[in-house]
>>> print(open('coords_0.txt').read())   # compact mmCIF, C-alpha atoms and all ligand atoms
# COMPACT_ATOMS: atom_id res chain seq x y z
CA MET A 1 15.16 -20.86 4.11
CA SER A 2 12.87 -22.94 1.92
CA GLU A 3 11.15 -20.42 -0.29
CA GLN A 4 10.71 -22.69 -3.31
CA ASN A 5 7.61 -24.41 -1.98
CA TYR A 6 5.75 -21.18 -1.49
CA ASN A 7 4.14 -19.25 -4.27
CA PRO A 8 3.46 -15.64 -3.17
CA TYR A 9 0.35 -15.42 -5.39
CA LYS A 10 -1.13 -18.53 -3.77
CA ASN A 11 -0.29 -17.05 -0.37
CA ALA A 12 -2.01 -13.77 -1.24
CA GLN A 13 -5.06 -15.66 -2.48
CA ALA A 14 -5.14 -17.88 0.63
CA GLN A 15 -5.08 -14.79 2.85
CA PHE A 16 -7.85 -13.19 0.80
CA ASP A 17 -10.00 -16.36 0.68
CA LYS A 18 -9.90 -16.71 4.46
CA VAL A 19 -11.24 -13.21 5.00
CA ALA A 20 -13.67 -13.39 2.05
CA GLU A 21 -15.20 -16.43 3.77
CA MET A 22 -15.32 -14.62 7.09
CA LEU A 23 -17.11 -11.68 5.42
CA ASP A 24 -19.36 -14.03 3.46
CA LEU A 25 -18.60 -12.20 0.20
CA GLU A 26 -20.65 -12.99 -2.90
CA ALA A 27 -19.03 -15.46 -5.31
CA GLY A 28 -18.67 -12.84 -8.08
CA THR A 29 -17.01 -10.35 -5.75
CA ARG A 30 -14.57 -13.01 -4.59
CA GLU A 31 -13.71 -13.95 -8.14
CA LEU A 32 -13.12 -10.33 -9.05
CA LEU A 33 -10.87 -9.61 -6.08
CA ARG A 34 -8.86 -12.82 -5.87
CA GLN A 35 -7.09 -12.15 -9.17
CA PRO A 36 -5.73 -9.13 -11.07
CA MET A 37 -8.04 -7.18 -13.39
CA GLN A 38 -5.41 -6.71 -16.07
CA GLU A 39 -1.98 -8.03 -16.88
CA ALA A 40 0.65 -6.89 -19.33
CA HIS A 41 3.42 -9.41 -20.12
CA PHE A 42 5.93 -8.02 -22.56
CA THR A 43 9.50 -8.05 -23.75
CA ILE A 44 11.90 -5.14 -23.80
CA PRO A 45 14.73 -5.28 -26.33
CA VAL A 46 17.72 -3.31 -25.07
CA LYS A 47 20.78 -2.33 -27.09
CA MET A 48 23.69 -3.30 -24.91
CA ASP A 49 26.93 -1.34 -24.75
CA ASP A 50 28.75 -4.03 -26.73
CA GLY A 51 26.36 -3.61 -29.66
CA SER A 52 24.34 -6.78 -28.98
CA THR A 53 20.63 -6.77 -28.19
CA LYS A 54 19.33 -8.34 -25.01
CA VAL A 55 15.65 -9.05 -24.50
CA PHE A 56 14.18 -8.68 -21.02
CA ASN A 57 10.85 -10.09 -19.83
CA ALA A 58 8.66 -7.61 -18.03
CA TYR A 59 5.26 -7.28 -16.38
CA ARG A 60 2.85 -4.63 -15.27
CA ILE A 61 -0.14 -5.98 -13.40
CA LYS A 62 -3.18 -4.07 -12.22
CA HIS A 63 -5.01 -5.85 -9.45
CA ASN A 64 -7.82 -3.39 -8.79
CA ASP A 65 -8.45 0.28 -9.48
CA SER A 66 -11.91 0.75 -8.00
CA ARG A 67 -10.66 3.19 -5.33
CA GLY A 68 -8.38 5.15 -7.64
CA PRO A 69 -5.59 4.74 -10.19
CA ALA A 70 -3.52 1.60 -9.70
CA LYS A 71 -0.41 2.26 -7.61
CA GLY A 72 2.71 0.26 -6.95
CA GLY A 73 6.38 -0.17 -7.59
CA ILE A 74 8.40 -1.72 -10.37
CA ARG A 75 11.05 -4.12 -9.20
CA PHE A 76 14.13 -5.31 -11.00
CA HIS A 77 15.14 -8.77 -9.86
CA PRO A 78 16.78 -11.77 -11.52
CA ASN A 79 14.30 -14.13 -9.81
CA GLU A 80 11.19 -12.09 -10.54
CA THR A 81 8.18 -14.19 -11.50
CA VAL A 82 4.75 -13.31 -12.80
CA ASP A 83 3.18 -14.80 -9.68
CA THR A 84 5.30 -12.61 -7.42
CA VAL A 85 4.14 -9.55 -9.32
CA ARG A 86 0.52 -10.73 -9.13
CA ALA A 87 0.78 -11.17 -5.36
CA LEU A 88 2.47 -7.82 -4.91
CA SER A 89 -0.23 -6.10 -6.98
CA MET A 90 -2.92 -7.60 -4.74
CA TRP A 91 -1.10 -6.53 -1.60
CA MET A 92 -0.88 -2.99 -3.03
CA THR A 93 -4.68 -2.84 -3.29
CA TRP A 94 -5.06 -3.82 0.36
CA LYS A 95 -2.18 -1.56 1.39
CA CYS A 96 -3.72 1.57 -0.14
CA ALA A 97 -7.12 0.63 1.25
CA VAL A 98 -5.97 -0.04 4.81
CA VAL A 99 -4.32 3.39 5.07
CA ASP A 100 -7.33 4.83 3.24
CA ILE A 101 -5.61 6.60 0.36
CA PRO A 102 -7.59 6.95 -2.89
CA LEU A 103 -5.51 4.55 -4.96
CA GLY A 104 -5.78 1.00 -6.25
CA GLY A 105 -3.18 -1.73 -6.50
CA GLY A 106 -0.66 -2.53 -9.22
CA LYS A 107 2.88 -3.78 -9.54
CA GLY A 108 5.53 -4.18 -12.16
CA GLY A 109 8.66 -6.21 -12.58
CA VAL A 110 11.50 -6.83 -14.96
CA ILE A 111 13.52 -10.04 -14.83
CA CYS A 112 17.00 -8.56 -14.76
CA ASP A 113 19.93 -7.92 -12.50
CA PRO A 114 20.58 -4.16 -12.65
CA ARG A 115 23.97 -4.61 -10.98
CA THR A 116 25.22 -6.27 -14.14
CA LEU A 117 23.94 -3.44 -16.37
CA SER A 118 25.75 -0.19 -17.13
CA LYS A 119 24.03 3.11 -16.44
CA GLY A 120 23.22 3.52 -20.13
CA GLU A 121 21.77 0.00 -20.35
CA GLN A 122 19.60 0.66 -17.29
CA GLU A 123 18.36 3.90 -18.83
CA ARG A 124 17.45 2.14 -22.10
CA LEU A 125 15.69 -0.61 -20.12
CA CYS A 126 13.61 1.96 -18.19
CA ARG A 127 12.71 3.87 -21.33
CA GLY A 128 11.91 0.62 -23.14
CA TYR A 129 9.56 -0.41 -20.31
CA VAL A 130 7.54 2.77 -20.70
CA ARG A 131 7.56 2.65 -24.51
CA ARG A 132 5.99 -0.81 -24.45
CA ILE A 133 3.06 0.06 -22.17
CA HIS A 134 2.79 3.87 -22.06
CA ALA A 135 -0.89 3.81 -23.03
CA GLN A 136 -1.68 1.91 -19.84
CA LEU A 137 0.32 4.20 -17.56
CA GLY A 138 -0.42 7.73 -16.40
CA PRO A 139 -1.47 9.80 -13.39
CA ASN A 140 -5.11 8.74 -13.74
CA LEU A 141 -4.47 5.15 -14.82
CA ASP A 142 -1.55 3.45 -13.18
CA VAL A 143 1.24 5.10 -11.22
CA ALA A 144 4.55 3.30 -10.72
CA ALA A 145 7.20 3.84 -8.02
CA PRO A 146 10.53 2.37 -6.88
CA ASP A 147 10.74 -1.08 -5.36
CA VAL A 148 13.46 -3.71 -4.94
CA MET A 149 16.56 -2.55 -6.87
CA THR A 150 14.88 0.43 -8.54
CA ASN A 151 15.47 4.03 -7.48
CA SER A 152 14.62 7.66 -8.15
CA GLN A 153 16.86 7.84 -11.24
CA HIS A 154 15.01 4.90 -12.82
CA MET A 155 11.73 6.70 -12.09
CA LEU A 156 12.92 9.89 -13.73
CA TRP A 157 14.01 8.11 -16.91
CA MET A 158 10.58 6.48 -17.04
CA LEU A 159 8.87 9.82 -16.51
CA ASP A 160 10.95 11.49 -19.18
CA GLU A 161 10.11 8.75 -21.69
CA TYR A 162 6.42 8.99 -20.85
CA GLU A 163 6.40 12.79 -21.17
CA THR A 164 8.31 12.62 -24.45
CA ILE A 165 5.67 10.30 -25.89
CA ALA A 166 2.73 12.18 -24.37
CA GLY A 167 4.10 15.60 -25.31
CA GLY A 168 3.62 17.37 -22.01
CA ARG A 169 4.52 17.35 -18.34
CA TYR A 170 2.78 14.74 -16.19
CA PRO A 171 4.68 14.65 -12.91
CA GLY A 172 1.94 12.59 -11.22
CA MET A 173 2.64 9.75 -13.66
CA ILE A 174 5.24 8.21 -11.33
CA THR A 175 6.40 8.67 -7.75
CA GLY A 176 9.69 8.29 -5.92
CA LYS A 177 11.21 10.91 -8.22
CA PRO A 178 14.33 12.82 -7.16
CA VAL A 179 13.70 15.78 -4.86
CA GLY A 180 13.70 18.94 -7.00
CA MET A 181 12.30 16.96 -9.95
CA GLY A 182 8.83 16.43 -8.50
CA GLY A 183 9.91 14.11 -5.70
CA SER A 184 8.72 14.57 -2.14
CA LEU A 185 11.00 15.20 0.77
CA GLY A 186 10.82 12.24 3.11
CA ARG A 187 9.95 9.69 0.40
CA THR A 188 13.27 7.86 0.79
CA GLU A 189 12.76 7.51 4.53
CA ALA A 190 8.99 6.97 4.43
CA THR A 191 8.68 3.17 4.33
CA GLY A 192 11.24 2.60 7.08
CA TYR A 193 9.85 5.38 9.27
CA GLY A 194 6.33 4.03 8.73
CA VAL A 195 7.46 0.66 10.10
CA ILE A 196 8.66 2.34 13.28
CA TYR A 197 5.51 4.50 13.65
CA CYS A 198 3.58 1.21 13.70
CA LEU A 199 6.08 -0.32 16.11
CA GLN A 200 5.75 2.64 18.48
CA GLU A 201 1.97 2.19 18.59
CA CYS A 202 2.35 -1.54 19.09
CA LEU A 203 4.81 -1.14 21.97
CA ASN A 204 2.44 1.34 23.63
CA LYS A 205 -0.29 -1.30 23.53
CA LEU A 206 2.08 -3.89 24.98
CA ASN A 207 3.29 -1.46 27.67
CA MET A 208 6.85 -1.82 26.47
CA ASP A 209 9.34 1.03 26.44
CA ILE A 210 11.20 1.17 23.13
CA LYS A 211 14.36 2.15 25.06
CA ASN A 212 14.42 -1.28 26.70
CA THR A 213 13.94 -3.24 23.51
CA THR A 214 16.21 -5.06 21.08
CA VAL A 215 15.77 -5.83 17.39
CA SER A 216 17.13 -8.33 14.91
CA MET A 217 16.57 -7.55 11.25
CA GLN A 218 16.66 -9.45 7.99
CA GLY A 219 17.92 -7.35 5.11
CA PHE A 220 19.57 -3.96 5.00
CA GLY A 221 18.17 -2.18 1.99
CA ASN A 222 16.43 1.18 1.95
CA VAL A 223 13.50 0.17 4.16
CA ALA A 224 15.67 -1.49 6.80
CA GLU A 225 18.14 1.39 6.85
CA TYR A 226 15.59 4.05 7.71
CA ALA A 227 13.67 1.80 10.08
CA ALA A 228 16.96 1.13 11.88
CA ARG A 229 17.85 4.83 11.98
CA MET A 230 14.58 5.88 13.58
CA TYR A 231 14.49 2.91 15.95
CA ILE A 232 18.01 3.64 17.24
CA GLU A 233 17.25 7.37 17.52
CA LEU A 234 14.28 6.48 19.71
CA GLY A 235 16.64 4.57 22.01
CA GLY A 236 16.22 0.96 20.84
CA LYS A 237 19.13 -1.42 20.34
CA LEU A 238 19.60 -3.12 16.96
CA VAL A 239 21.74 -6.18 17.70
CA ALA A 240 21.81 -8.14 14.44
CA ILE A 241 21.19 -7.85 10.72
CA SER A 242 21.45 -10.37 7.92
CA ARG A 243 22.11 -9.87 4.23
CA THR A 244 22.16 -12.04 1.15
CA ASP A 245 24.88 -11.77 -1.44
CA ARG A 246 22.82 -11.86 -4.61
CA THR A 247 25.64 -13.17 -6.76
CA THR A 248 26.63 -16.16 -4.66
CA GLY A 249 23.30 -16.55 -2.84
CA THR A 250 25.15 -16.79 0.48
CA THR A 251 23.60 -15.14 3.51
CA CYS A 252 25.32 -13.95 6.60
CA THR A 253 24.19 -12.41 9.88
CA ILE A 254 26.33 -9.96 11.78
CA LYS A 255 25.75 -9.26 15.42
CA ARG A 256 27.07 -6.90 18.07
CA GLU A 257 25.59 -7.16 21.57
CA SER A 258 26.41 -3.54 22.32
CA GLY A 259 24.34 -2.50 19.28
CA CYS A 260 24.85 -1.88 15.57
CA ASP A 261 25.58 1.51 14.06
CA VAL A 262 23.70 2.36 10.88
CA ASP A 263 26.53 4.29 9.23
CA GLU A 264 28.93 1.43 9.95
CA LEU A 265 26.43 -1.06 8.52
CA LYS A 266 26.22 1.03 5.36
CA GLN A 267 29.99 0.89 5.00
CA LEU A 268 29.91 -2.89 5.42
CA LYS A 269 27.49 -3.42 2.52
CA THR A 270 29.11 -4.97 -0.52
CA ALA A 271 27.90 -4.11 -4.01
CA ASP A 272 26.50 -7.62 -4.42
CA GLY A 273 24.15 -7.28 -1.47
CA GLY A 274 26.43 -9.06 0.97
CA ILE A 275 28.54 -7.99 3.94
CA ASP A 276 32.25 -7.26 4.12
CA ARG A 277 32.99 -9.86 6.80
CA GLU A 278 36.60 -8.87 7.44
CA LYS A 279 35.75 -5.25 8.03
CA ALA A 280 32.78 -6.32 10.18
CA LYS A 281 35.08 -8.38 12.42
CA GLU A 282 37.44 -5.41 12.78
CA LEU A 283 34.52 -3.32 13.99
CA GLY A 284 33.65 -5.91 16.62
CA TYR A 285 30.78 -7.68 14.89
CA GLU A 286 30.35 -11.43 15.24
CA ILE A 287 29.84 -13.30 11.97
CA LEU A 288 26.99 -15.81 12.14
CA PRO A 289 25.13 -18.01 9.65
CA GLY A 290 22.58 -16.28 7.40
CA ASP A 291 19.51 -17.56 9.23
CA ALA A 292 20.86 -16.60 12.68
CA TRP A 293 18.93 -13.30 12.52
CA ILE A 294 15.74 -15.22 13.28
CA SER A 295 16.99 -17.08 16.36
CA GLN A 296 18.28 -14.07 18.29
CA ASP A 297 17.11 -13.44 21.87
CA VAL A 298 15.54 -10.13 20.99
CA ASP A 299 12.16 -8.51 21.64
CA ILE A 300 11.42 -7.62 18.03
CA LEU A 301 12.10 -9.28 14.67
CA ILE A 302 11.95 -7.15 11.53
CA PRO A 303 12.01 -9.15 8.30
CA ALA A 304 12.87 -6.46 5.73
CA ALA A 305 13.98 -8.49 2.72
CA LEU A 306 11.82 -10.63 0.44
CA GLU A 307 8.82 -12.98 0.56
CA ASN A 308 8.47 -16.38 2.30
CA GLN A 309 11.17 -16.01 4.92
CA ILE A 310 9.20 -17.05 8.00
CA THR A 311 7.94 -20.56 7.31
CA PRO A 312 6.74 -23.32 9.70
CA GLU A 313 10.17 -24.86 9.25
CA VAL A 314 12.04 -21.89 10.73
CA LEU A 315 9.36 -20.77 13.17
CA PRO A 316 10.68 -22.97 16.01
CA MET A 317 13.97 -21.05 15.75
CA ILE A 318 12.25 -17.88 16.97
CA SER A 319 13.27 -17.21 20.58
CA SER A 320 10.63 -17.27 23.33
CA LYS A 321 11.77 -13.72 24.15
CA VAL A 322 10.34 -12.34 20.87
CA LYS A 323 7.20 -10.28 21.46
CA VAL A 324 6.74 -8.53 18.12
CA ILE A 325 7.26 -9.24 14.42
CA CYS A 326 7.16 -6.15 12.20
CA GLU A 327 6.71 -7.22 8.60
CA ALA A 328 8.67 -4.53 6.80
CA ALA A 329 8.98 -6.69 3.65
CA ASN A 330 6.04 -7.70 1.49
CA GLY A 331 4.84 -11.24 2.26
CA PRO A 332 7.70 -12.36 4.54
CA THR A 333 5.50 -14.81 6.49
CA THR A 334 3.77 -17.78 4.88
CA PRO A 335 0.04 -18.14 5.70
CA ASP A 336 0.59 -21.47 7.49
CA CYS A 337 2.57 -19.59 10.18
CA ASP A 338 -0.09 -17.09 11.17
CA ASP A 339 -1.95 -19.27 13.68
CA LEU A 340 1.29 -20.59 15.16
CA ILE A 341 2.58 -17.03 15.66
CA ARG A 342 -0.66 -16.07 17.37
CA GLU A 343 -0.55 -19.15 19.60
CA ARG A 344 2.89 -18.05 20.70
CA ASN A 345 1.45 -14.69 21.67
CA ILE A 346 3.71 -12.80 19.30
CA PHE A 347 2.22 -9.51 18.14
CA LEU A 348 2.50 -9.43 14.34
CA ILE A 349 2.20 -6.14 12.46
CA PRO A 350 1.12 -7.30 8.99
CA ASP A 351 3.10 -6.24 5.94
CA PHE A 352 0.54 -4.22 4.06
CA LEU A 353 -0.07 -2.07 7.14
CA CYS A 354 3.52 -2.05 8.44
CA ASN A 355 5.18 -1.02 5.17
CA ALA A 356 2.44 1.29 3.87
CA GLY A 357 4.51 4.39 4.67
CA GLY A 358 6.13 4.33 1.24
CA VAL A 359 2.95 4.40 -0.77
CA THR A 360 1.39 6.90 1.63
CA CYS A 361 4.27 9.25 0.93
CA SER A 362 3.92 8.49 -2.79
CA TYR A 363 0.35 9.69 -2.50
CA PHE A 364 1.61 12.88 -0.81
CA GLU A 365 4.08 13.25 -3.68
CA GLN A 366 1.25 13.10 -6.19
CA VAL A 367 -0.77 15.65 -4.21
CA GLN A 368 2.23 17.99 -4.14
CA CYS A 369 2.85 17.51 -7.88
CA ASN A 370 -0.80 18.11 -8.72
CA THR A 371 -0.88 21.37 -6.78
CA ASN A 372 2.70 22.24 -7.79
CA TYR A 373 3.37 23.21 -4.19
CA PHE A 374 5.93 21.27 -2.18
CA TRP A 375 5.81 20.80 1.58
CA ASP A 376 8.76 20.88 3.93
CA LYS A 377 10.02 17.60 5.34
CA ASP A 378 8.44 18.07 8.78
CA GLU A 379 5.06 18.56 7.17
CA VAL A 380 5.44 15.39 5.07
CA LEU A 381 6.61 13.32 8.03
CA SER A 382 3.99 14.61 10.45
CA LYS A 383 1.24 13.77 7.96
CA LEU A 384 2.82 10.36 7.42
CA GLU A 385 2.98 9.68 11.15
CA HIS A 386 -0.63 10.74 11.58
CA ASN A 387 -1.86 8.46 8.75
CA MET A 388 0.17 5.45 9.81
CA LYS A 389 -0.75 5.67 13.48
CA ASN A 390 -4.44 6.17 12.65
CA ALA A 391 -4.40 3.12 10.38
CA PHE A 392 -2.65 1.05 13.06
CA GLN A 393 -5.21 2.16 15.65
CA SER A 394 -8.19 1.18 13.46
CA VAL A 395 -6.73 -2.25 12.78
CA TYR A 396 -5.84 -2.77 16.44
CA GLU A 397 -9.31 -1.79 17.64
CA LEU A 398 -11.00 -4.15 15.22
CA ALA A 399 -8.63 -6.97 16.16
CA GLN A 400 -9.50 -6.44 19.84
CA GLU A 401 -13.25 -6.10 19.32
CA GLU A 402 -13.59 -9.14 17.04
CA ASN A 403 -10.76 -11.22 18.50
CA LEU A 404 -8.96 -11.29 15.16
CA SER A 405 -5.28 -11.46 14.35
CA MET A 406 -3.83 -8.11 13.23
CA ARG A 407 -3.47 -9.52 9.71
CA ASP A 408 -7.09 -10.61 9.49
CA ALA A 409 -8.28 -7.31 10.98
CA ALA A 410 -6.24 -5.35 8.43
CA TYR A 411 -7.69 -7.50 5.65
CA VAL A 412 -11.24 -7.01 6.92
CA ILE A 413 -10.84 -3.21 6.84
CA ALA A 414 -9.12 -3.16 3.45
CA ILE A 415 -11.38 -5.69 1.74
CA LYS A 416 -14.54 -3.97 3.02
CA ARG A 417 -13.35 -0.66 1.57
CA VAL A 418 -12.61 -2.22 -1.81
CA VAL A 419 -15.88 -4.18 -1.82
CA ASN A 420 -17.72 -0.96 -1.09
CA ALA A 421 -16.00 0.70 -4.06
CA VAL A 422 -16.73 -2.11 -6.53
CA GLU A 423 -20.35 -2.22 -5.34
CA LEU A 424 -20.81 1.55 -5.62
CA ARG A 425 -19.39 1.41 -9.14
CA GLY A 426 -21.83 -1.34 -10.00
CA TRP A 427 -19.10 -3.82 -10.94
CA VAL A 428 -20.65 -6.54 -8.81
N1 LIG B 1 7.17 -0.29 -3.65
C1 LIG B 1 6.58 0.26 -2.46
C2 LIG B 1 5.61 -0.74 -1.84
O1 LIG B 1 5.70 -1.94 -2.04
C3 LIG B 1 5.97 1.62 -2.70
C4 LIG B 1 4.90 1.65 -3.74
C5 LIG B 1 4.49 3.08 -4.15
O2 LIG B 1 5.00 4.03 -3.59
O3 LIG B 1 3.66 3.15 -5.03
O4 LIG B 1 4.78 -0.38 -1.05
>>> encode(input="coords_0.txt", output="structure tokens", more="lines below")
Ligand code: GLU
Amino acid sequence: MSEQNYNPYKNAQAQFDKVAEMLDLEAGTRELLRQPMQEAHFTIPVKMDDGSTKVFNAYRIKHNDSRGPAKGGIRFHPNETVDTVRALSMWMTWKCAVVDIPLGGGKGGVICDPRTLSKGEQERLCRGYVRRIHAQLGPNLDVAAPDVMTNSQHMLWMLDEYETIAGGRYPGMITGKPVGMGGSLGRTEATGYGVIYCLQECLNKLNMDIKNTTVSMQGFGNVAEYAARMYIELGGKLVAISRTDRTTGTTCTIKRESGCDVDELKQLKTADGGIDREKAKELGYEILPGDAWISQDVDILIPAALENQITPEVLPMISSKVKVICEAANGPTTPDCDDLIRERNIFLIPDFLCNAGGVTCSYFEQVQCNTNYFWDKDEVLSKLEHNMKNAFQSVYELAQEENLSMRDAAYVIAIKRVVNAVELRGWV
């Protein structure tokens, strides 16, 4: 898919500008909100196991903290760019606002491929990240979390480095920590489950029974895995998934008409992000080209990989059977597709609503850390379900009342909340 022509930051700004115009926002307010408030660009020298030093480029970007401390993940990716991090930080602001949690938006990134780093090198990279910008991080300033290719162990190393420097215990400094070390039960599942809570609401509105639906998915990382688990448990049939081997860049879709099994799919994952094709064939999966996930005759498409995957170029490949697109990834659809998707009567659940389950659970993690009282998993998940379904309902109602797309309606709600905060603070 042609991602090169699309810059996620420009996409995020185009989405914002459209709604800012619709809301007739003041010029100063627009200028404040269409770019990050603060950016840290820095290098992290890491002593490698062979005795050499490698220098990694890293970012932490705060888009807006008017509603609360900045919040958002840190991703490790060889193709990370400053503009991707800028876009992701903006989307975090809208994400926290649309689900109405008292947090702002931020994001971090390190240009690296963690799969080529030993455990010790990864630990030194995480600690180095915090050492370089610890003064800008903290429970009341900017709270990081896992994202693409980062996990709970990375978060704990970062926390430990922060606490060592600060000389105390600050468990609310970071979320997505291991359970038992300040992490919340349900955090691992939260983003994927949140996608399906939104899908359930959407199918209710469309009078569709989840048991009679089929899904094709792009990606099979953490978000996709738990979305798939819940969807299949609810009776849906996942027929295809695609994955990209990050080393060779080759993508492949595997398909089984009778339905995919999540535990089997996990076994088929190769360390490089690809799929073990031979084993897949043995288990009765068809091997198809990488972009075949998008052209399947299914009811629901779930892009759960990276940005800029649904472009006007690939849009015609989407089957006329598709009724719903759940944007589990951040920014999977380019802005020039939105009208075309609407014209085709496809119900799109926009990314910053659809995948807000992760940050919502991160917020619950902070609440639990602050009170030093941890909830059981059912309590976490029932609160998550309640928040996600409420947020979906508000966006849906506004979309109906004002004849807006779901994306524009979500933006209207989120932007209005942030505008209200910056106005109340007297920033504009
Ligand atoms: N990285 C996740 C996201 O993009 C979660 C962020 C968080 O929990 O702060 O929403």
>>> closest_residue(input="coords_0.txt", among="A:Lys416, A:His134, A:Lys54, A:Arg187", to="ligand LIG 1 (chain B)", atoms="only C-alpha atoms and all ligand atoms")
A:Arg187
>>> closest_residue(input="coords_0.txt", among="A:Gln38, A:Asn204, A:Thr188, A:Thr43", to="ligand LIG 1 (chain B)", atoms="all atoms listed in the file")
A:Thr188
>>> atom_distance(input="coords_0.txt", atom1="CA of Ala227 (chain A)", atom2="CA of Lys71 (chain A)")
22.6 Å
>>> residues_near_point(input="coords_0.txt", point="(6.9, -1.9, -18.7)", cutoff="12 Å", atoms="all atoms listed in the file", output="PyMOL selection string")
chain A and resi 39-45+56-61+73-76+107-111+124-137+142-144+155+158+161-162
>>> atom_distance(input="coords_0.txt", atom1="CA of Asp272 (chain A)", atom2="CA of Thr250 (chain A)")
10.5 Å
>>> closest_residue(input="coords_0.txt", among="A:Lys266, A:His386, A:Lys18, A:Lys177", to="ligand LIG 1 (chain B)", atoms="all atoms listed in the file")
A:Lys177
>>> atom_distance(input="coords_0.txt", atom1="CA of Asp17 (chain A)", atom2="CA of Thr333 (chain A)")
16.6 Å
>>> residues_around(input="coords_0.txt", residues="Glu121 (chain A)", least_positions_apart="6", cutoff="12 Å", atoms="all atoms listed in the file", output="list of chain:residue names")
A:Ile44, A:Pro45, A:Val46, A:Lys47, A:Met48, A:Asp49, A:Asp50, A:Gly51, A:Ser52, A:Thr53, A:Lys54, A:Val55, A:Phe56, A:Cys112, A:Asp113, A:Pro114, A:Arg115, A:Arg127, A:Gly128, A:His154, A:Trp157
>>> closest_residue(input="coords_0.txt", among="A:Lys383, A:Lys205, A:Lys95, A:Arg342", to="ligand LIG 1 (chain B)", atoms="all atoms listed in the file")
A:Lys95
>>> axis_aligned_box(input="coords_0.txt", around="region 335-351 of chain A", padding_each_side="5 Å", output="JSON")
{"center_x": 0.9, "center_y": -13.8, "center_z": 13.7, "size_x": 15.7, "size_y": 25.3, "size_z": 26.0}
>>> closest_residue(input="coords_0.txt", among="A:Leu238, A:Leu283, A:Leu185, A:Val148", to="Glu379 (chain A)", atoms="all atoms listed in the file")
A:Leu185
>>> residues_near_ligand(input="coords_0.txt", ligand="ligand LIG 1 (chain B)", cutoff="10 Å", atoms="only C-alpha atoms and all ligand atoms", output="PyMOL selection string")
chain A and resi 70-75+88-89+91-92+95-96+103-108+142-148+150+174-176+187+190-191+223+328-330+351-365
>>> build_atoms(input="coords_0.txt", residues="region 156-160 of chain A", atoms="all heavy atoms", output="mmCIF file, keeping the file's coordinate frame")
data_model
loop_
_atom_site.group_PDB
_atom_site.id
_atom_site.type_symbol
_atom_site.label_atom_id
_atom_site.label_comp_id
_atom_site.auth_asym_id
_atom_site.auth_seq_id
_atom_site.Cartn_x
_atom_site.Cartn_y
_atom_site.Cartn_z
ATOM 1 N N LEU A 156 12.858 8.682 -12.910
ATOM 2 C CA LEU A 156 12.920 9.890 -13.730
ATOM 3 C C LEU A 156 13.111 9.560 -15.220
ATOM 4 O O LEU A 156 12.519 10.216 -16.076
ATOM 5 C CB LEU A 156 13.995 10.860 -13.243
ATOM 6 C CG LEU A 156 13.605 12.261 -13.703
ATOM 7 C CD1 LEU A 156 12.431 12.807 -12.915
ATOM 8 C CD2 LEU A 156 14.752 13.202 -13.691
ATOM 9 N N TRP A 157 13.887 8.533 -15.507
ATOM 10 C CA TRP A 157 14.010 8.110 -16.910
ATOM 11 C C TRP A 157 12.638 7.668 -17.437
ATOM 12 O O TRP A 157 12.267 7.972 -18.569
ATOM 13 C CB TRP A 157 15.003 6.950 -17.042
ATOM 14 C CG TRP A 157 16.456 7.336 -16.893
ATOM 15 C CD1 TRP A 157 17.033 8.499 -17.318
ATOM 16 C CD2 TRP A 157 17.503 6.555 -16.302
ATOM 17 N NE1 TRP A 157 18.385 8.489 -17.011
ATOM 18 C CE2 TRP A 157 18.703 7.311 -16.407
ATOM 19 C CE3 TRP A 157 17.574 5.301 -15.702
ATOM 20 C CZ2 TRP A 157 19.936 6.851 -15.927
ATOM 21 C CZ3 TRP A 157 18.797 4.831 -15.231
ATOM 22 C CH2 TRP A 157 19.959 5.609 -15.341
ATOM 23 N N MET A 158 11.906 6.954 -16.604
ATOM 24 C CA MET A 158 10.580 6.480 -17.040
ATOM 25 C C MET A 158 9.647 7.666 -17.267
ATOM 26 O O MET A 158 8.902 7.714 -18.247
ATOM 27 C CB MET A 158 9.980 5.527 -15.995
ATOM 28 C CG MET A 158 10.719 4.194 -15.958
ATOM 29 S SD MET A 158 9.897 3.013 -14.884
ATOM 30 C CE MET A 158 10.995 1.605 -15.014
ATOM 31 N N LEU A 159 9.707 8.627 -16.354
ATOM 32 C CA LEU A 159 8.870 9.820 -16.510
ATOM 33 C C LEU A 159 9.231 10.558 -17.791
ATOM 34 O O LEU A 159 8.354 10.965 -18.572
ATOM 35 C CB LEU A 159 9.038 10.756 -15.302
ATOM 36 C CG LEU A 159 8.304 12.087 -15.422
ATOM 37 C CD1 LEU A 159 6.795 11.886 -15.319
ATOM 38 C CD2 LEU A 159 8.770 13.085 -14.363
ATOM 39 N N ASP A 160 10.516 10.729 -18.007
ATOM 40 C CA ASP A 160 10.950 11.490 -19.180
ATOM 41 C C ASP A 160 10.493 10.801 -20.470
ATOM 42 O O ASP A 160 10.046 11.462 -21.414
ATOM 43 C CB ASP A 160 12.480 11.638 -19.181
ATOM 44 C CG ASP A 160 12.922 12.571 -20.291
ATOM 45 O OD1 ASP A 160 12.595 13.772 -20.216
ATOM 46 O OD2 ASP A 160 13.542 12.094 -21.262
#
